[in-house]
Structure formats: structure tokens, C-alpha cells
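The next block is query.cif, given as mmCIF, C-alpha atoms and all ligand atoms.
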```
data_query
#
loop_
_atom_site.group_PDB
_atom_site.id
_atom_site.type_symbol
_atom_site.label_atom_id
_atom_site.label_comp_id
_atom_site.auth_asym_id
_atom_site.auth_seq_id
_atom_site.Cartn_x
_atom_site.Cartn_y
_atom_site.Cartn_z
ATOM 1 C CA MET K 1 6.252 7.490 7.107
ATOM 2 C CA SER K 2 8.757 10.199 7.990
ATOM 3 C CA ARG K 3 8.012 12.342 11.015
ATOM 4 C CA ASN K 4 8.146 15.648 9.171
ATOM 5 C CA LYS K 5 5.912 14.497 6.338
ATOM 6 C CA LYS K 6 3.843 17.366 4.959
ATOM 7 C CA VAL K 7 2.735 16.380 1.481
ATOM 8 C CA LEU K 8 1.768 13.000 0.047
ATOM 9 C CA GLU K 9 4.282 10.231 -0.697
ATOM 10 C CA TRP K 10 3.536 7.285 -2.981
ATOM 11 C CA ALA K 11 5.140 4.902 -0.482
ATOM 12 C CA ASP K 12 2.082 5.395 1.760
ATOM 13 C CA PHE K 13 -0.398 4.311 -0.907
ATOM 14 C CA PRO K 14 -1.883 0.809 -1.300
ATOM 15 C CA ALA K 15 -0.466 -1.193 -4.202
ATOM 16 C CA ASP K 16 -3.782 -1.234 -6.112
ATOM 17 C CA PHE K 17 -4.054 2.566 -6.188
ATOM 18 C CA VAL K 18 -3.823 3.799 -9.793
ATOM 19 C CA LYS K 19 -1.829 7.043 -9.935
ATOM 20 C CA PHE K 20 -3.432 10.259 -11.147
ATOM 21 C CA LYS K 21 -3.011 11.095 -14.855
ATOM 22 C CA LEU K 22 -2.303 14.820 -14.995
ATOM 23 C CA ASN K 23 0.016 15.197 -18.005
ATOM 24 C CA PRO K 24 -1.101 18.455 -19.677
ATOM 25 C CA THR K 25 0.855 17.905 -22.913
ATOM 26 C CA ARG K 26 -1.480 18.837 -25.810
ATOM 27 C CA ALA K 27 -4.357 19.646 -23.436
ATOM 28 C CA HIS K 28 -6.669 22.362 -24.718
ATOM 29 C CA LEU K 29 -8.837 24.343 -22.307
ATOM 30 C CA GLU K 30 -12.257 24.991 -23.797
ATOM 31 C CA THR K 31 -14.130 28.079 -22.624
ATOM 32 C CA LYS K 32 -17.727 27.373 -21.643
ATOM 33 C CA GLU K 33 -19.935 30.261 -20.502
ATOM 34 C CA LEU K 34 -22.143 28.995 -17.665
ATOM 35 C CA ALA K 35 -23.847 32.324 -16.915
ATOM 36 C CA PRO K 36 -23.137 35.957 -17.846
ATOM 37 C CA GLY K 37 -19.485 36.585 -16.915
ATOM 38 C CA VAL K 38 -19.024 33.064 -15.504
ATOM 39 C CA TYR K 39 -16.780 30.703 -17.488
ATOM 40 C CA ALA K 40 -15.578 27.143 -16.987
ATOM 41 C CA LEU K 41 -12.301 26.135 -18.653
ATOM 42 C CA LEU K 42 -12.686 22.459 -19.511
ATOM 43 C CA SER K 43 -9.684 20.300 -20.334
ATOM 44 C CA SER K 44 -9.740 18.296 -23.580
ATOM 45 C CA ILE K 45 -7.912 15.427 -21.806
ATOM 46 C CA PRO K 46 -10.068 13.605 -19.222
ATOM 47 C CA GLY K 47 -8.613 13.914 -15.720
ATOM 48 C CA VAL K 48 -6.289 16.793 -16.588
ATOM 49 C CA ASP K 49 -7.294 19.894 -14.632
ATOM 50 C CA ASN K 50 -10.247 22.101 -15.460
ATOM 51 C CA ALA K 51 -10.162 25.719 -14.302
ATOM 52 C CA GLY K 52 -12.344 28.791 -14.801
ATOM 53 C CA PHE K 53 -12.809 32.522 -14.436
ATOM 54 C CA VAL K 54 -15.382 35.127 -13.475
ATOM 55 C CA VAL K 55 -15.498 38.604 -15.018
ATOM 56 C CA GLY K 56 -16.789 41.722 -13.237
ATOM 57 C CA ASP K 57 -16.712 45.445 -14.115
ATOM 58 C CA ARG K 58 -13.402 45.968 -12.296
ATOM 59 C CA GLY K 59 -11.556 42.790 -13.105
ATOM 60 C CA VAL K 60 -11.321 39.025 -13.336
ATOM 61 C CA LEU K 61 -11.036 36.212 -10.798
ATOM 62 C CA VAL K 62 -9.373 32.986 -11.999
ATOM 63 C CA ILE K 63 -9.952 29.605 -10.342
ATOM 64 C CA ASP K 64 -6.803 27.448 -10.277
ATOM 65 C CA ALA K 65 -3.444 28.038 -11.950
ATOM 66 C CA HIS K 66 -2.872 24.566 -13.467
ATOM 67 C CA ILE K 67 0.236 22.391 -13.349
ATOM 68 C CA SER K 68 2.746 24.249 -15.544
ATOM 69 C CA VAL K 69 3.792 27.633 -16.890
ATOM 70 C CA PRO K 70 2.407 26.940 -20.417
ATOM 71 C CA MET K 71 -0.960 25.840 -18.989
ATOM 72 C CA ALA K 72 -1.126 28.936 -16.753
ATOM 73 C CA ARG K 73 -0.441 31.006 -19.872
ATOM 74 C CA GLN K 74 -3.188 29.152 -21.733
ATOM 75 C CA ILE K 75 -5.652 30.079 -18.956
ATOM 76 C CA GLN K 76 -4.700 33.736 -19.383
ATOM 77 C CA GLU K 77 -5.075 33.462 -23.191
ATOM 78 C CA ARG K 78 -8.615 32.136 -22.703
ATOM 79 C CA VAL K 79 -9.382 35.067 -20.367
ATOM 80 C CA ARG K 80 -7.996 37.499 -22.952
ATOM 81 C CA GLU K 81 -10.329 36.077 -25.616
ATOM 82 C CA VAL K 82 -13.228 37.305 -23.467
ATOM 83 C CA THR K 83 -11.994 40.485 -21.740
ATOM 84 C CA ASP K 84 -8.987 42.782 -21.382
ATOM 85 C CA LYS K 85 -9.798 43.569 -17.735
ATOM 86 C CA PRO K 86 -6.996 42.815 -15.249
ATOM 87 C CA ILE K 87 -6.816 39.481 -13.449
ATOM 88 C CA VAL K 88 -7.294 40.742 -9.903
ATOM 89 C CA TYR K 89 -7.581 37.431 -8.029
ATOM 90 C CA LEU K 90 -6.321 33.877 -8.502
ATOM 91 C CA VAL K 91 -7.893 31.304 -6.150
ATOM 92 C CA ASN K 92 -6.171 27.928 -5.591
ATOM 93 C CA SER K 93 -8.711 25.234 -4.725
ATOM 94 C CA ASN K 94 -5.998 23.220 -2.920
ATOM 95 C CA TYR K 95 -2.197 23.046 -2.469
ATOM 96 C CA HIS K 96 -1.484 20.262 -5.010
ATOM 97 C CA GLY K 97 0.914 21.123 -7.820
ATOM 98 C CA ASP K 98 -1.711 20.692 -10.533
ATOM 99 C CA HIS K 99 -3.608 23.604 -8.956
ATOM 100 C CA THR K 100 -0.709 25.831 -7.844
ATOM 101 C CA PHE K 101 2.436 25.326 -9.960
ATOM 102 C CA GLY K 102 1.068 27.820 -12.529
ATOM 103 C CA ASN K 103 0.756 30.604 -9.914
ATOM 104 C CA CYS K 104 4.190 31.993 -10.823
ATOM 105 C CA ALA K 105 3.084 32.668 -14.415
ATOM 106 C CA PHE K 106 0.365 35.161 -13.429
ATOM 107 C CA PRO K 107 1.141 38.899 -13.351
ATOM 108 C CA PRO K 108 2.640 40.272 -10.128
ATOM 109 C CA GLU K 109 -0.445 42.453 -9.558
ATOM 110 C CA THR K 110 -2.723 39.385 -9.419
ATOM 111 C CA LEU K 111 -3.556 38.565 -5.792
ATOM 112 C CA VAL K 112 -3.189 34.847 -5.019
ATOM 113 C CA VAL K 113 -5.891 33.611 -2.605
ATOM 114 C CA GLN K 114 -5.419 30.458 -0.497
ATOM 115 C CA HIS K 115 -6.997 28.812 2.505
ATOM 116 C CA ARG K 116 -4.583 28.838 5.446
ATOM 117 C CA ARG K 117 -4.056 25.042 5.307
ATOM 118 C CA THR K 118 -3.225 25.377 1.587
ATOM 119 C CA ALA K 119 -0.838 28.233 2.389
ATOM 120 C CA GLU K 120 0.941 26.022 4.954
ATOM 121 C CA LEU K 121 1.577 23.251 2.414
ATOM 122 C CA VAL K 122 2.402 25.153 -0.785
ATOM 123 C CA PRO K 123 5.981 25.922 0.402
ATOM 124 C CA TYR K 124 6.805 22.154 0.251
ATOM 125 C CA MET K 125 7.058 22.556 -3.507
ATOM 126 C CA ASP K 126 10.066 20.281 -4.103
ATOM 127 C CA GLU K 127 8.387 17.391 -2.271
ATOM 128 C CA GLU K 128 5.133 18.045 -4.132
ATOM 129 C CA MET K 129 6.964 18.098 -7.461
ATOM 130 C CA ALA K 130 8.557 14.726 -6.649
ATOM 131 C CA PHE K 131 5.083 13.353 -5.872
ATOM 132 C CA MET K 132 3.700 14.738 -9.138
ATOM 133 C CA ILE K 133 6.414 13.364 -11.453
ATOM 134 C CA PRO K 134 4.772 9.926 -11.940
ATOM 135 C CA CYS K 135 1.463 11.713 -12.640
ATOM 136 C CA VAL K 136 3.017 13.439 -15.685
ATOM 137 C CA ASP K 137 4.598 10.264 -17.101
ATOM 138 C CA GLY K 138 7.961 11.091 -15.539
ATOM 139 C CA ASP K 139 8.422 14.140 -17.769
ATOM 140 C CA SER K 140 10.108 16.658 -15.464
ATOM 141 C CA LYS K 141 10.356 19.188 -18.334
ATOM 142 C CA ILE K 142 6.678 19.921 -17.720
ATOM 143 C CA PHE K 143 7.702 21.739 -14.520
ATOM 144 C CA GLU K 144 10.285 23.964 -16.242
ATOM 145 C CA GLY K 145 10.043 27.557 -15.060
ATOM 146 C CA VAL K 146 7.847 26.728 -12.063
ATOM 147 C CA GLU K 147 8.778 28.818 -9.024
ATOM 148 C CA LEU K 148 7.259 29.052 -5.607
ATOM 149 C CA ARG K 149 4.781 31.901 -5.366
ATOM 150 C CA LEU K 150 3.293 32.580 -1.965
ATOM 151 C CA PRO K 151 -0.280 33.802 -1.438
ATOM 152 C CA ASP K 152 -1.248 37.445 -1.023
ATOM 153 C CA ILE K 153 -4.534 36.705 0.760
ATOM 154 C CA VAL K 154 -4.941 33.844 3.250
ATOM 155 C CA PHE K 155 -8.416 33.071 4.628
ATOM 156 C CA ALA K 156 -9.805 30.762 7.310
ATOM 157 C CA ASP K 157 -13.543 30.294 6.688
ATOM 158 C CA TRP K 158 -14.751 32.399 3.802
ATOM 159 C CA LEU K 159 -14.190 35.546 1.744
ATOM 160 C CA ARG K 160 -16.571 37.692 -0.273
ATOM 161 C CA LEU K 161 -14.863 39.301 -3.273
ATOM 162 C CA ASP K 162 -16.550 42.065 -5.284
ATOM 163 C CA LEU K 163 -15.371 42.124 -8.920
ATOM 164 C CA GLY K 164 -17.647 45.075 -9.683
ATOM 165 C CA GLY K 165 -21.274 44.107 -10.284
ATOM 166 C CA ARG K 166 -20.367 40.486 -9.659
ATOM 167 C CA ILE K 167 -19.793 38.815 -6.293
ATOM 168 C CA VAL K 168 -17.646 35.732 -5.847
ATOM 169 C CA GLU K 169 -17.469 33.837 -2.549
ATOM 170 C CA VAL K 170 -14.578 31.610 -1.494
ATOM 171 C CA HIS K 171 -15.415 29.001 1.160
ATOM 172 C CA HIS K 172 -13.646 26.363 3.225
ATOM 173 C CA PHE K 173 -16.049 23.830 4.771
ATOM 174 C CA GLY K 174 -13.385 21.502 6.167
ATOM 175 C CA PRO K 175 -10.906 18.953 4.794
ATOM 176 C CA ALA K 176 -12.138 16.568 2.103
ATOM 177 C CA ASN K 177 -9.638 15.581 -0.609
ATOM 178 C CA THR K 178 -6.980 17.885 0.876
ATOM 179 C CA PRO K 179 -6.683 19.783 4.175
ATOM 180 C CA GLY K 180 -7.560 23.155 2.627
ATOM 181 C CA ASP K 181 -10.237 22.304 0.019
ATOM 182 C CA THR K 182 -11.683 25.578 -1.247
ATOM 183 C CA ILE K 183 -15.022 26.126 -2.971
ATOM 184 C CA THR K 184 -15.324 29.153 -5.277
ATOM 185 C CA TYR K 185 -18.984 30.141 -5.581
ATOM 186 C CA VAL K 186 -20.872 32.641 -7.724
ATOM 187 C CA PRO K 187 -24.193 33.158 -5.881
ATOM 188 C CA GLU K 188 -26.136 34.801 -8.727
ATOM 189 C CA ALA K 189 -25.241 31.929 -11.090
ATOM 190 C CA LYS K 190 -25.402 29.116 -8.471
ATOM 191 C CA VAL K 191 -22.111 27.802 -9.878
ATOM 192 C CA ALA K 192 -19.397 26.314 -7.629
ATOM 193 C CA TRP K 193 -15.850 25.262 -8.502
ATOM 194 C CA THR K 194 -15.270 22.271 -6.274
ATOM 195 C CA GLY K 195 -11.627 21.412 -6.940
ATOM 196 C CA ASN K 196 -10.722 17.854 -5.981
ATOM 197 C CA MET K 197 -13.676 17.482 -3.590
ATOM 198 C CA THR K 198 -15.714 16.084 -6.480
ATOM 199 C CA GLY K 199 -13.896 13.347 -8.345
ATOM 200 C CA GLY K 200 -16.090 10.600 -9.774
ATOM 201 C CA ILE K 201 -19.129 8.595 -8.643
ATOM 202 C CA PHE K 202 -17.834 8.972 -5.085
ATOM 203 C CA GLY K 203 -15.189 11.226 -3.567
ATOM 204 C CA LEU K 204 -11.594 10.398 -2.689
ATOM 205 C CA ALA K 205 -10.662 11.115 0.936
ATOM 206 C CA LEU K 206 -7.053 11.526 -0.161
ATOM 207 C CA GLU K 207 -5.897 13.440 2.934
ATOM 208 C CA SER K 208 -8.861 12.958 5.305
ATOM 209 C CA ASN K 209 -11.289 10.086 5.987
ATOM 210 C CA ALA K 210 -14.936 9.210 5.297
ATOM 211 C CA ALA K 211 -16.367 10.868 8.440
ATOM 212 C CA THR K 212 -14.464 14.107 7.870
ATOM 213 C CA PHE K 213 -15.373 14.187 4.175
ATOM 214 C CA LEU K 214 -19.019 13.582 5.096
ATOM 215 C CA ALA K 215 -19.056 16.476 7.569
ATOM 216 C CA THR K 216 -17.434 18.803 5.017
ATOM 217 C CA VAL K 217 -19.889 17.984 2.218
ATOM 218 C CA SER K 218 -22.785 18.332 4.710
ATOM 219 C CA ARG K 219 -21.664 21.854 5.618
ATOM 220 C CA PHE K 220 -21.249 22.664 1.919
ATOM 221 C CA VAL K 221 -24.754 21.564 0.883
ATOM 222 C CA ASN K 222 -26.301 23.307 3.889
ATOM 223 C CA ALA K 223 -24.529 26.591 3.243
ATOM 224 C CA LEU K 224 -24.731 27.120 -0.517
ATOM 225 C CA ASP K 225 -27.499 26.886 -3.090
ATOM 226 C CA VAL K 226 -25.662 25.226 -5.987
ATOM 227 C CA GLU K 227 -26.937 24.068 -9.367
ATOM 228 C CA THR K 228 -23.726 23.540 -11.341
ATOM 229 C CA LEU K 229 -20.461 22.050 -10.075
ATOM 230 C CA VAL K 230 -17.178 22.598 -11.909
ATOM 231 C CA PRO K 231 -14.945 19.751 -10.659
ATOM 232 C CA ALA K 232 -11.210 19.928 -11.268
ATOM 233 C CA HIS K 233 -10.860 16.433 -12.723
ATOM 234 C CA MET K 234 -14.218 15.375 -14.166
ATOM 235 C CA PRO K 235 -16.901 16.905 -16.388
ATOM 236 C CA LEU K 236 -19.437 19.488 -15.178
ATOM 237 C CA ALA K 237 -21.934 17.999 -12.745
ATOM 238 C CA GLY K 238 -25.226 18.847 -11.056
ATOM 239 C CA ALA K 239 -25.691 19.310 -7.323
ATOM 240 C CA ASP K 240 -27.189 15.804 -7.059
ATOM 241 C CA LEU K 241 -23.597 14.517 -7.136
ATOM 242 C CA LEU K 242 -23.118 15.922 -3.618
ATOM 243 C CA GLY K 243 -26.157 13.952 -2.439
ATOM 244 C CA ARG K 244 -24.497 10.787 -3.713
ATOM 245 C CA TYR K 245 -21.307 11.665 -1.859
ATOM 246 C CA LEU K 246 -23.268 12.106 1.386
ATOM 247 C CA LEU K 247 -24.709 8.623 0.922
ATOM 248 C CA TYR K 248 -21.392 7.009 0.026
ATOM 249 C CA PHE K 249 -19.423 8.506 2.899
ATOM 250 C CA THR K 250 -22.260 7.699 5.309
ATOM 251 C CA GLU K 251 -22.062 4.039 4.211
ATOM 252 C CA VAL K 252 -18.272 3.917 4.603
ATOM 253 C CA THR K 253 -18.331 5.741 7.958
ATOM 254 C CA ILE K 254 -20.923 3.375 9.458
ATOM 255 C CA ALA K 255 -19.309 0.204 8.078
ATOM 256 C CA VAL K 256 -15.760 1.062 9.156
ATOM 257 C CA ARG K 257 -16.896 2.239 12.595
ATOM 258 C CA ALA K 258 -18.579 -1.150 13.065
ATOM 259 C CA ALA K 259 -15.463 -2.968 11.822
ATOM 260 C CA VAL K 260 -13.204 -1.137 14.279
ATOM 261 C CA ALA K 261 -15.687 -1.745 17.110
ATOM 262 C CA ALA K 262 -15.684 -5.463 16.250
ATOM 263 C CA GLY K 263 -11.886 -5.517 16.366
ATOM 264 C CA TRP K 264 -11.377 -6.477 12.723
ATOM 265 C CA PRO K 265 -7.838 -5.967 11.430
ATOM 266 C CA LEU K 266 -7.333 -3.658 8.456
ATOM 267 C CA GLU K 267 -7.035 -6.458 5.886
ATOM 268 C CA GLU K 268 -10.335 -7.991 6.978
ATOM 269 C CA THR K 269 -11.989 -4.571 6.922
ATOM 270 C CA LEU K 270 -10.730 -3.917 3.383
ATOM 271 C CA GLU K 271 -12.200 -7.248 2.319
ATOM 272 C CA LYS K 272 -15.532 -6.945 4.082
ATOM 273 C CA VAL K 273 -16.507 -3.268 3.734
ATOM 274 C CA PRO K 274 -18.092 -3.477 0.326
ATOM 275 C CA GLN K 275 -18.374 -0.935 -2.396
ATOM 276 C CA SER K 276 -22.164 -1.009 -2.653
ATOM 277 C CA GLU K 277 -23.718 -1.532 -6.066
ATOM 278 C CA MET K 278 -24.790 2.089 -6.322
ATOM 279 C CA PHE K 279 -21.152 3.141 -6.107
ATOM 280 C CA SER K 280 -19.656 0.461 -8.326
ATOM 281 C CA LEU K 281 -19.088 0.536 -12.039
ATOM 282 C CA PRO K 282 -20.141 -2.519 -14.082
ATOM 283 C CA ALA K 283 -17.373 -5.140 -14.083
ATOM 284 C CA ASP K 284 -16.780 -4.641 -17.830
ATOM 285 C CA ASP K 285 -16.234 -0.881 -17.399
ATOM 286 C CA PRO K 286 -12.515 -0.186 -17.876
ATOM 287 C CA ARG K 287 -12.531 2.109 -14.823
ATOM 288 C CA ALA K 288 -14.134 -0.451 -12.475
ATOM 289 C CA GLY K 289 -10.778 -1.595 -11.054
ATOM 290 C CA PHE K 290 -9.577 1.989 -10.711
ATOM 291 C CA MET K 291 -12.675 2.922 -8.668
ATOM 292 C CA ARG K 292 -12.313 -0.226 -6.528
ATOM 293 C CA GLY K 293 -8.821 0.975 -5.611
ATOM 294 C CA ARG K 294 -10.256 4.399 -4.708
ATOM 295 C CA HIS K 295 -12.865 2.792 -2.460
ATOM 296 C CA ARG K 296 -10.276 0.645 -0.694
ATOM 297 C CA TYR K 297 -8.163 3.751 -0.141
ATOM 298 C CA ASN K 298 -11.148 5.518 1.494
ATOM 299 C CA VAL K 299 -11.784 2.488 3.706
ATOM 300 C CA GLN K 300 -8.126 2.338 4.751
ATOM 301 C CA LYS K 301 -7.894 6.058 5.594
ATOM 302 C CA THR K 302 -11.098 5.804 7.619
ATOM 303 C CA TYR K 303 -9.954 2.650 9.421
ATOM 304 C CA LEU K 304 -6.640 4.271 10.357
ATOM 305 C CA ALA K 305 -8.432 7.389 11.643
ATOM 306 C CA PHE K 306 -10.980 5.443 13.702
ATOM 307 C CA SER K 307 -8.519 2.941 15.125
ATOM 308 C CA GLY K 308 -5.983 5.655 15.998
ATOM 309 C CA LYS K 309 -3.257 3.784 14.081
HETATM 310 ZN ZN ZN I 401 -6.254 18.182 -8.499
#
```
Will you turn the file into C-alpha cells for me?
Amino acid sequence: MSRNKKVLEWADFPADFVKFKLNPTRAHLETKELAPGVYALLSSIPGVDNAGFVVGDRGVLVIDAHISVPMARQIQERVREVTDKPIVYLVNSNYHGDHTFGNCAFPPETLVVQHRRTAELVPYMDEEMAFMIPCVDGDSKIFEGVELRLPDIVFADWLRLDLGGRIVEVHHFGPANTPGDTITYVPEAKVAWTGNMTGGIFGLALESNAATFLATVSRFVNALDVETLVPAHMPLAGADLLGRYLLYFTEVTIAVRAAVAAGWPLEETLEKVPQSEMFSLPADDPRAGFMRGRHRYNVQKTYLAFSGK
């Protein structure tokens, strides 16, 4: 691991970690109205980014810019099918390229909103693009036209944005999947865009660890009254998903803490900290191995954090 490492590098991942599939080629974003003025944009290809937008009297707020210029344009086409009001705000739910590379394709008058940890990492765009290449089947043409666009508004804890008759809140509850995970919340609709924080039957502590993820989700569920989650990489979900995440990360936190206290080496910990039945897919499910790799990744990140290695 290089000393000036800022974004992820595949060399640091365990061999059984299946890379993300984010190729947007032929992806269609379907508009789904969740409440008056509140729209999810759901990708036709599983795993490829969802997005969304909220319409008020004065303008529109978009959640996430997608991975490429054509996908960012498609988001704006979907907005234009609903309203001709200006896109006032664009919120990035984290710094990863699949959420930010499309920023440059939004009009100059759109204000880009990022958490300060996201804003610190977005400038490492070349490194992030190198990391993303295997996730788009090696097709570097997908990133044609992508240019670095810096944020206009950087926040630390939360923001309250008034679109005119419609309030949108932007919250950071702590690191989870990334350092700057951002929740975009519409209080009157009880809808929250959760970015990469929600990603399957349990979360992926990609750039944190189980204890940190647990604390972040705890703050989230205590602070906001949510009924509908719009995850970036899985279908719409109910708030009960967050309850499952609390349970899962509690299990991993307790088990890995005990393993470190007992002096187990990493390999033994990876073998012995089980993925409990509740958080395992049936063995004949094609994604069972994929999720096992995710669990082992969470265990490893947590072990390294607890053991100070
Ligand atoms: Zn993502």
C-alpha cells in the first residue's frame, strides 16, 4: 500500500472479492414517482447505478451524476420529461466515479453538493478512473468526455435545501461504505437515497469497518423517519433493511473483537467468524459466493482496524 494512497486500489483486495459490475452500456433509467415531486431513477441493469430527483416550485435537486457523460445526460432527459424547472442542486452520495464522473455534464448553474470527505477525494480522478476500469469491462471509452468538476457547496454534518414548497435534507452520519457517505432525505415523503451504504442483505464496509458502519447506521435510524430507501446499487427497499444491517454489523463487531482479544491471526479469524445463516444466501444461489467474499472483506477490514495493523 503506497503511503499517499487516497482512493481504492485492487491490489489491496482479497482474491475472492468479485469486482463491481458498473458498465452502463445500454442501461435505461426508469422514472418511478415515489411521492408527489419525488422520483427514483432505477437502472434496468442490476448493480448499475440508480439515481433520482426531487422537484420543487423553484427548481430540481438531482441525486447522483452517474458514471459517464451519456448517463448524466440521460438523467437530465428523465428530469425534462417531468419538468422544465432548472436543476439547482446535484448531490453526490459519495466520491466514487460511478456517482461523480457525470458531474461535468450538468449545466454550469447547477450547484454540486458534496460532503467534505467526498470533496477531498474527488480530485483523485485519474486514480479513481484506473480503479473503475475493470468495473466497466475494461472499456475506457465509457469515460470519454469526463472532466473533473469540483463542488460548489461542501457540508460537514447536514444541509437543509428549500426547492420551493419542498424541503430536501442532506445528511452525513459517518463513514460506512465510503468516508463521506451522504443520505439525501425528503422528510414529507419519508424517502432516503442511501448511496452505497445499502448494498445487499448486509452492507459492505468498503472504506471503514464493522464498528464504524454500525455507529453510522445507528445515527441514521435514530435521526430520520424513513419508509423507503433508494439504494444506489440494488432495488428499492424498506427501512427494515437498516435493522438487518444493525444486526449484521453488531455480529461482526463482537466476533472480530473477540478474535483479536484471543490473539487469532487474520487467516484464522476469516475462517472462524461465520456469516450467520440470516445473512447467507442458500448455497445454490448464484450470488452466494459473491456475498461470502463481501463478508470476508468486512471481517478483514474490521480485524485490521481492531488489531491496529
Ligand atoms: Zn456506487
Residues within 10 Å of stretch 149-151 of chain K, only C-alpha atoms, excluding chain neighbours under 5 positions, as a list in words: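 The residues that qualify are Leu90, Val91, Asn92, Thr100, Phe101, Gly102, Asn103, Cys104, Ala105, Phe106, Pro108, Leu111, Val112, Val113, Gln114, His115, Arg116, Thr118, Ala119, Glu120, Val122, Pro123 and Met125 of chain K.
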Matched chain/residue IDs from the PyMOL selection byres (((chain K and resi 67) around 7) and not hetatm), as a ChimeraX atom specification: /K:65-66,68,71,97-102
- request: Name the residues in contact with K:Val260 at a cut-off of 10 Å, using only C-alpha atoms, excluding same-chain residues fewer than 2 positions from it; report them as a ChimeraX atom specification.
  value: /K:255-258,262-266,269,302-304,306-307
Please, what is the axis-aligned box for every listed atom of stretch 70-76 of chain K with 4 Å on each side, as centre and edge lengths in Å to one decimal, as AutoDock Vina command-line options?
```
--center_x -1.6 --center_y 29.8 --center_z -19.2 --size_x 16.1 --size_y 15.9 --size_z 13.0
```
message: Assuming the chain letters and numbering stay as they are in my file, what does the PyMOL selection byres (((not hetatm)) within 12 of (chain I and resi 401)) actually select? List them as a count of residues only.
response: 42
- line: Of K:Ala40, K:His28, K:Gly56, K:Asp152, the one sitting nearest K:Ala237 when using all atoms listed in the file is K:Ala40
Supply stretch 162-181 of chain K as a tab-separated table (two decimals), in the frame of the given file, with N, CA and C atoms built in where the input has gaps.
```tsv
chain	number	residue	atom	x	y	z
K	162	ASP	N	-15.69	41.30	-4.38
K	162	ASP	CA	-16.55	42.06	-5.28
K	162	ASP	C	-15.74	42.44	-6.53
K	163	LEU	N	-16.10	41.85	-7.67
K	163	LEU	CA	-15.37	42.12	-8.92
K	163	LEU	C	-15.94	43.34	-9.64
K	164	GLY	N	-16.95	43.97	-9.03
K	164	GLY	CA	-17.65	45.08	-9.68
K	164	GLY	C	-18.89	44.52	-10.38
K	165	GLY	N	-20.04	44.63	-9.70
K	165	GLY	CA	-21.27	44.11	-10.28
K	165	GLY	C	-21.35	42.59	-10.29
K	166	ARG	N	-20.37	41.96	-9.71
K	166	ARG	CA	-20.37	40.49	-9.66
K	166	ARG	C	-19.63	40.03	-8.40
K	167	ILE	N	-20.36	39.29	-7.56
K	167	ILE	CA	-19.79	38.82	-6.29
K	167	ILE	C	-19.31	37.38	-6.46
K	168	VAL	N	-18.14	37.11	-5.91
K	168	VAL	CA	-17.65	35.73	-5.85
K	168	VAL	C	-17.33	35.42	-4.39
K	169	GLU	N	-17.78	34.27	-3.92
K	169	GLU	CA	-17.47	33.84	-2.55
K	169	GLU	C	-16.48	32.68	-2.59
K	170	VAL	N	-15.58	32.67	-1.61
K	170	VAL	CA	-14.58	31.61	-1.49
K	170	VAL	C	-14.79	30.98	-0.12
K	171	HIS	N	-15.04	29.68	-0.09
K	171	HIS	CA	-15.42	29.00	1.16
K	171	HIS	C	-14.51	27.82	1.46
K	172	HIS	N	-14.25	27.61	2.75
K	172	HIS	CA	-13.65	26.36	3.22
K	172	HIS	C	-14.63	25.73	4.20
K	173	PHE	N	-15.07	24.51	3.91
K	173	PHE	CA	-16.05	23.83	4.77
K	173	PHE	C	-15.41	22.72	5.59
K	174	GLY	N	-14.08	22.56	5.45
K	174	GLY	CA	-13.38	21.50	6.17
K	174	GLY	C	-12.56	20.70	5.18
K	175	PRO	N	-11.71	19.79	5.69
K	175	PRO	CA	-10.91	18.95	4.79
K	175	PRO	C	-11.80	17.95	4.06
K	176	ALA	N	-11.43	17.62	2.84
K	176	ALA	CA	-12.14	16.57	2.10
K	176	ALA	C	-11.07	15.78	1.33
K	177	ASN	N	-10.74	16.22	0.13
K	177	ASN	CA	-9.64	15.58	-0.61
K	177	ASN	C	-8.29	16.05	-0.07
K	178	THR	N	-8.21	17.31	0.31
K	178	THR	CA	-6.98	17.89	0.88
K	178	THR	C	-7.35	18.63	2.16
K	179	PRO	N	-6.35	19.06	2.94
K	179	PRO	CA	-6.68	19.78	4.18
K	179	PRO	C	-7.38	21.12	3.93
K	180	GLY	N	-7.05	21.79	2.83
K	180	GLY	CA	-7.56	23.16	2.63
K	180	GLY	C	-8.54	23.30	1.48
K	181	ASP	N	-9.30	22.25	1.16
K	181	ASP	CA	-10.24	22.30	0.02
K	181	ASP	C	-11.05	23.60	0.01
```
